[in-house]
Amino acid sequence: MYRIFYLLFAATILFTSCNNDDDAGTPEPEEENFYALTVGNTWEYDYYKFNTQTEDFVLMDAALTKTITGTTEINGETFYNIQTVSTGTFNCIFCNEEVQNELVRDSLGYQIYTTGTISFATEDETEYKMADQPFGEVFGKLVAGTSTVEVEAGTFATVRNINYVKFPSGELSVGVGQVLYADGIGMIKETASAISSPLPFGEIRLRSYTQAQD
């Protein structure tokens, strides 16, 4: 699952001159695209497993390539198909199948699936429900502020969402995962944790990305 932020655009005035007559005009405002939802965009990630003895992340032979392959119209809304291809010999938690597809769109700052389920939030810090599981409900929540994250692809200012389990008793899981997105770039890093341990067990980090021309 995947699971971004706000960029304020200043209006600029373009002056052109023709036959000594000046015409001033304002260009069309640039559309915000926090999640980098553009057909042709591609991201490559490496998988790291957490070593509990050294408390370091270790690069494993497992990688994911995510590509926006097209769009689908559903009830008048445009959803983007993100195809994930897994390669390598190590069976990571993020590599459940060799090829996975999911449809998402940006809805008022939320990245949502066709079911309406939220996978990421960029503005509202209210917790959102992600899934029902036999052991409890999975929730996500935006963490205020930005975090600077360095990965193989570069250094990025990111927006962070955490995810956790709420048990029927009302208690929260000890383990907390996190997802980080950079505005206009896409997902930079995702960390997974077991619900019963405060330690992570693995994460994917952005190695490279290619942005298609509109």
# chains A, B, ... in the order shown; residues from 1 in each chain; ligands from 1

$ residues_around --residues "stretch 83-98 of chain A" --least-positions-apart "5" --cutoff "7 Å" --atoms "only C-alpha atoms" --output "PDB file with N, CA and C atoms, in the first residue's frame"
ATOM      1  N   MET A  60      19.295  -5.617   1.024  1.00  0.00           N
ATOM      2  CA  MET A  60      19.037  -6.999   0.622  1.00  0.00           C
ATOM      3  C   MET A  60      18.845  -7.078  -0.890  1.00  0.00           C
ATOM      4  N   ASP A  61      18.875  -8.301  -1.403  1.00  0.00           N
ATOM      5  CA  ASP A  61      18.652  -8.507  -2.830  1.00  0.00           C
ATOM      6  C   ASP A  61      17.153  -8.550  -3.106  1.00  0.00           C
ATOM      7  N   ALA A  62      16.545  -7.380  -3.042  1.00  0.00           N
ATOM      8  CA  ALA A  62      15.122  -7.226  -3.330  1.00  0.00           C
ATOM      9  C   ALA A  62      14.883  -5.785  -3.740  1.00  0.00           C
ATOM     10  N   ALA A  63      14.163  -5.606  -4.825  1.00  0.00           N
ATOM     11  CA  ALA A  63      13.915  -4.262  -5.328  1.00  0.00           C
ATOM     12  C   ALA A  63      12.508  -4.167  -5.896  1.00  0.00           C
ATOM     13  N   LEU A  64      11.999  -2.947  -5.946  1.00  0.00           N
ATOM     14  CA  LEU A  64      10.679  -2.701  -6.514  1.00  0.00           C
ATOM     15  C   LEU A  64      10.774  -1.559  -7.511  1.00  0.00           C
ATOM     16  N   THR A  65      10.061  -1.700  -8.618  1.00  0.00           N
ATOM     17  CA  THR A  65       9.923  -0.624  -9.595  1.00  0.00           C
ATOM     18  C   THR A  65       8.454  -0.282  -9.713  1.00  0.00           C
ATOM     19  N   LYS A  66       8.132   0.974  -9.463  1.00  0.00           N
ATOM     20  CA  LYS A  66       6.748   1.447  -9.552  1.00  0.00           C
ATOM     21  C   LYS A  66       6.623   2.355 -10.770  1.00  0.00           C
ATOM     22  N   THR A  67       5.599   2.134 -11.576  1.00  0.00           N
ATOM     23  CA  THR A  67       5.387   2.917 -12.783  1.00  0.00           C
ATOM     24  C   THR A  67       3.906   3.264 -12.917  1.00  0.00           C
ATOM     25  N   ILE A  68       3.614   4.498 -13.252  1.00  0.00           N
ATOM     26  CA  ILE A  68       2.227   4.869 -13.551  1.00  0.00           C
ATOM     27  C   ILE A  68       1.994   4.537 -15.016  1.00  0.00           C
ATOM     28  N   THR A  69       1.194   3.509 -15.244  1.00  0.00           N
ATOM     29  CA  THR A  69       1.036   2.952 -16.593  1.00  0.00           C
ATOM     30  C   THR A  69      -0.151   3.516 -17.362  1.00  0.00           C
TER      31      THR A  69
END

$ residues_around --residues "stretch 142-158 of chain A" --least-positions-apart "3" --cutoff "12 Å" --atoms "only C-alpha atoms" --output "number ranges by chain"
A: 3-6, 34-35, 43-48, 59, 109-110, 118-128, 139, 161-164, 178-190, 203-210

$ closest_residue --among "A:Leu37, A:Met130, A:Val99, A:Val58" --to "A:Thr71" --atoms "only C-alpha atoms"
A:Leu37

$ select_by_dssp --residues "stretch 24-152 of chain A" --states "strand (DSSP E)" --output "JSON, numbers by chain"
{"A": [24, 25, 42, 43, 44, 45, 46, 47, 48, 49, 50, 51, 56, 57, 58, 59, 60, 61, 62, 63, 64, 65, 66, 67, 68, 69, 70, 71, 72, 73, 74, 77, 78, 79, 80, 81, 82, 83, 84, 85, 86, 87, 88, 99, 100, 101, 102, 103, 104, 105, 106, 107, 110, 111, 112, 113, 118, 119, 120, 121, 128, 129, 130, 131, 132, 133, 136, 137, 138, 139, 140, 141, 142, 143, 144, 145, 146, 147, 148, 149, 150, 151]}

$ atom_distance --atom1 "atom CA of A:Gln213" --atom2 "atom CA of A:Asn33"
13.4 Å

$ residues_around --residues "A:Phe135" --least-positions-apart "3" --cutoff "12 Å" --atoms "only C-alpha atoms" --output "list in words"
Ala131, Asp132, Val138, Tyr164, Val165, Lys166, Phe167, Pro168, Ser169, Gly170, Glu171, Leu172, Ser173, Ile195 and Ser196 of chain A

$ residues_around --residues "A:Thr114" --least-positions-apart "2" --cutoff "7 Å" --atoms "only C-alpha atoms" --output "PyMOL selection string"
chain A and resi 103-104+112+116

$ write_last_selection --atoms "C-alpha atoms" --output "CSV table (one decimal), in the first residue's frame"
chain,number,residue,atom,x,y,z
A,103,LEU,CA,-5.6,2.6,-8.7
A,104,VAL,CA,-5.2,5.8,-6.8
A,112,ILE,CA,-7.2,7.3,-2.0
A,116,GLY,CA,-12.4,5.4,-1.0

$ decode --residues "stretch 24-171 of chain A" --atoms "C-alpha atoms" --output "short mmCIF file (atom, residue, chain, number, x, y, z; two decimals), in the first residue's frame"
data_model
loop_
_atom_site.label_atom_id
_atom_site.label_comp_id
_atom_site.auth_asym_id
_atom_site.auth_seq_id
_atom_site.Cartn_x
_atom_site.Cartn_y
_atom_site.Cartn_z
CA ALA A 24 -0.21 41.64 -20.40
CA GLY A 25 -1.67 38.32 -19.42
CA THR A 26 -1.65 35.81 -16.60
CA PRO A 27 -0.82 32.21 -17.52
CA GLU A 28 -3.03 29.36 -16.44
CA PRO A 29 -2.25 28.38 -12.82
CA GLU A 30 -0.05 25.32 -12.55
CA GLU A 31 -1.92 22.29 -11.26
CA GLU A 32 -0.72 20.91 -7.94
CA ASN A 33 0.55 17.35 -8.14
CA PHE A 34 1.92 16.44 -4.73
CA TYR A 35 1.84 12.70 -5.38
CA ALA A 36 3.49 13.04 -8.81
CA LEU A 37 0.54 11.32 -10.46
CA THR A 38 1.63 11.55 -14.08
CA VAL A 39 1.50 8.70 -16.58
CA GLY A 40 5.04 7.50 -17.28
CA ASN A 41 6.53 8.44 -13.90
CA THR A 42 8.76 5.68 -12.55
CA TRP A 43 10.35 5.03 -9.15
CA GLU A 44 12.94 2.40 -8.22
CA TYR A 45 13.30 1.28 -4.60
CA ASP A 46 15.72 -0.94 -2.70
CA TYR A 47 14.71 -3.09 0.26
CA TYR A 48 16.58 -2.93 3.56
CA LYS A 49 16.11 -5.40 6.42
CA PHE A 50 16.59 -4.25 9.99
CA ASN A 51 19.28 -6.15 11.90
CA THR A 52 18.15 -6.30 15.53
CA GLN A 53 21.67 -7.12 16.79
CA THR A 54 23.48 -4.23 15.14
CA GLU A 55 20.35 -2.04 14.93
CA ASP A 56 21.28 -1.13 11.37
CA PHE A 57 19.41 -1.50 8.11
CA VAL A 58 21.06 -3.94 5.71
CA LEU A 59 20.60 -3.78 1.93
CA MET A 60 19.04 -7.00 0.62
CA ASP A 61 18.65 -8.51 -2.83
CA ALA A 62 15.12 -7.23 -3.33
CA ALA A 63 13.92 -4.26 -5.33
CA LEU A 64 10.68 -2.70 -6.51
CA THR A 65 9.92 -0.62 -9.60
CA LYS A 66 6.75 1.45 -9.55
CA THR A 67 5.39 2.92 -12.78
CA ILE A 68 2.23 4.87 -13.55
CA THR A 69 1.04 2.95 -16.59
CA GLY A 70 -2.24 4.71 -17.38
CA THR A 71 -5.50 6.16 -16.10
CA THR A 72 -9.02 4.87 -15.56
CA GLU A 73 -12.23 6.90 -15.25
CA ILE A 74 -14.52 5.76 -12.44
CA ASN A 75 -17.70 7.71 -11.62
CA GLY A 76 -16.26 10.76 -13.36
CA GLU A 77 -12.98 10.67 -11.43
CA THR A 78 -9.55 9.93 -12.89
CA PHE A 79 -7.56 7.20 -11.14
CA TYR A 80 -3.92 6.46 -11.91
CA ASN A 81 -2.73 2.88 -12.21
CA ILE A 82 0.49 2.27 -10.28
CA GLN A 83 2.14 -0.97 -11.30
CA THR A 84 4.72 -2.46 -8.93
CA VAL A 85 7.19 -5.04 -10.19
CA SER A 86 9.28 -6.94 -7.62
CA THR A 87 12.66 -8.44 -8.41
CA GLY A 88 15.46 -10.14 -6.45
CA THR A 89 15.84 -13.27 -4.38
CA PHE A 90 14.92 -11.98 -0.94
CA ASN A 91 11.23 -12.25 -0.02
CA CYS A 92 10.59 -8.83 1.50
CA ILE A 93 7.35 -7.73 3.14
CA PHE A 94 6.73 -5.24 0.33
CA CYS A 95 7.31 -7.87 -2.39
CA ASN A 96 4.25 -10.08 -2.00
CA GLU A 97 3.81 -10.61 -5.74
CA GLU A 98 6.00 -10.12 -8.78
CA VAL A 99 3.51 -7.68 -10.30
CA GLN A 100 0.89 -5.66 -8.42
CA ASN A 101 -1.49 -2.96 -9.64
CA GLU A 102 -3.44 -0.36 -7.70
CA LEU A 103 -5.60 2.57 -8.72
CA VAL A 104 -5.22 5.84 -6.78
CA ARG A 105 -6.06 9.51 -7.09
CA ASP A 106 -5.56 12.74 -5.17
CA SER A 107 -8.74 13.83 -3.40
CA LEU A 108 -8.35 17.15 -1.56
CA GLY A 109 -4.88 16.22 -0.32
CA TYR A 110 -5.69 12.59 0.42
CA GLN A 111 -4.37 9.79 -1.74
CA ILE A 112 -7.22 7.32 -2.02
CA TYR A 113 -8.05 4.01 -3.68
CA THR A 114 -11.14 3.22 -5.75
CA THR A 115 -12.83 1.95 -2.58
CA GLY A 116 -12.41 5.38 -0.98
CA THR A 117 -9.82 4.05 1.46
CA ILE A 118 -7.14 6.64 2.30
CA SER A 119 -3.47 5.71 1.94
CA PHE A 120 -1.88 9.09 2.75
CA ALA A 121 -2.83 12.57 3.95
CA THR A 122 -1.06 15.87 3.38
CA GLU A 123 -3.07 18.44 5.31
CA ASP A 124 -5.50 16.97 7.84
CA GLU A 125 -3.92 15.52 11.01
CA THR A 126 -7.06 13.57 11.88
CA GLU A 127 -6.44 9.82 11.96
CA TYR A 128 -7.94 7.88 9.05
CA LYS A 129 -8.93 4.24 8.87
CA MET A 130 -6.97 2.13 6.40
CA ALA A 131 -8.14 -1.45 6.96
CA ASP A 132 -9.90 -3.96 9.17
CA GLN A 133 -7.85 -6.91 10.40
CA PRO A 134 -8.74 -9.85 12.63
CA PHE A 135 -6.58 -8.38 15.39
CA GLY A 136 -7.87 -4.80 15.10
CA GLU A 137 -8.24 -1.73 12.90
CA VAL A 138 -5.33 -0.19 11.00
CA PHE A 139 -5.14 3.59 11.08
CA GLY A 140 -2.93 6.22 9.49
CA LYS A 141 -2.21 9.77 10.57
CA LEU A 142 -0.34 12.79 9.28
CA VAL A 143 2.52 14.02 11.46
CA ALA A 144 2.81 17.80 11.53
CA GLY A 145 5.87 19.45 9.98
CA THR A 146 8.39 18.18 7.46
CA SER A 147 11.34 15.81 7.76
CA THR A 148 14.56 15.94 5.78
CA VAL A 149 15.41 12.46 4.52
CA GLU A 150 18.50 11.29 2.68
CA VAL A 151 18.28 8.22 0.45
CA GLU A 152 20.20 6.95 -2.57
CA ALA A 153 18.15 9.18 -4.89
CA GLY A 154 19.03 12.36 -2.97
CA THR A 155 17.96 14.50 -0.03
CA PHE A 156 14.31 15.48 0.23
CA ALA A 157 11.98 17.50 2.44
CA THR A 158 9.23 15.03 3.18
CA VAL A 159 5.78 14.79 4.70
CA ARG A 160 5.32 11.88 7.08
CA ASN A 161 2.35 9.67 7.87
CA ILE A 162 2.47 6.99 10.54
CA ASN A 163 0.34 3.83 10.63
CA TYR A 164 -0.59 1.69 13.59
CA VAL A 165 -3.15 -0.79 14.86
CA LYS A 166 -5.95 0.01 17.28
CA PHE A 167 -7.02 -3.12 19.15
CA PRO A 168 -10.65 -3.79 20.20
CA SER A 169 -9.64 -2.83 23.75
CA GLY A 170 -8.73 0.65 22.51
CA GLU A 171 -5.00 0.11 23.02
#
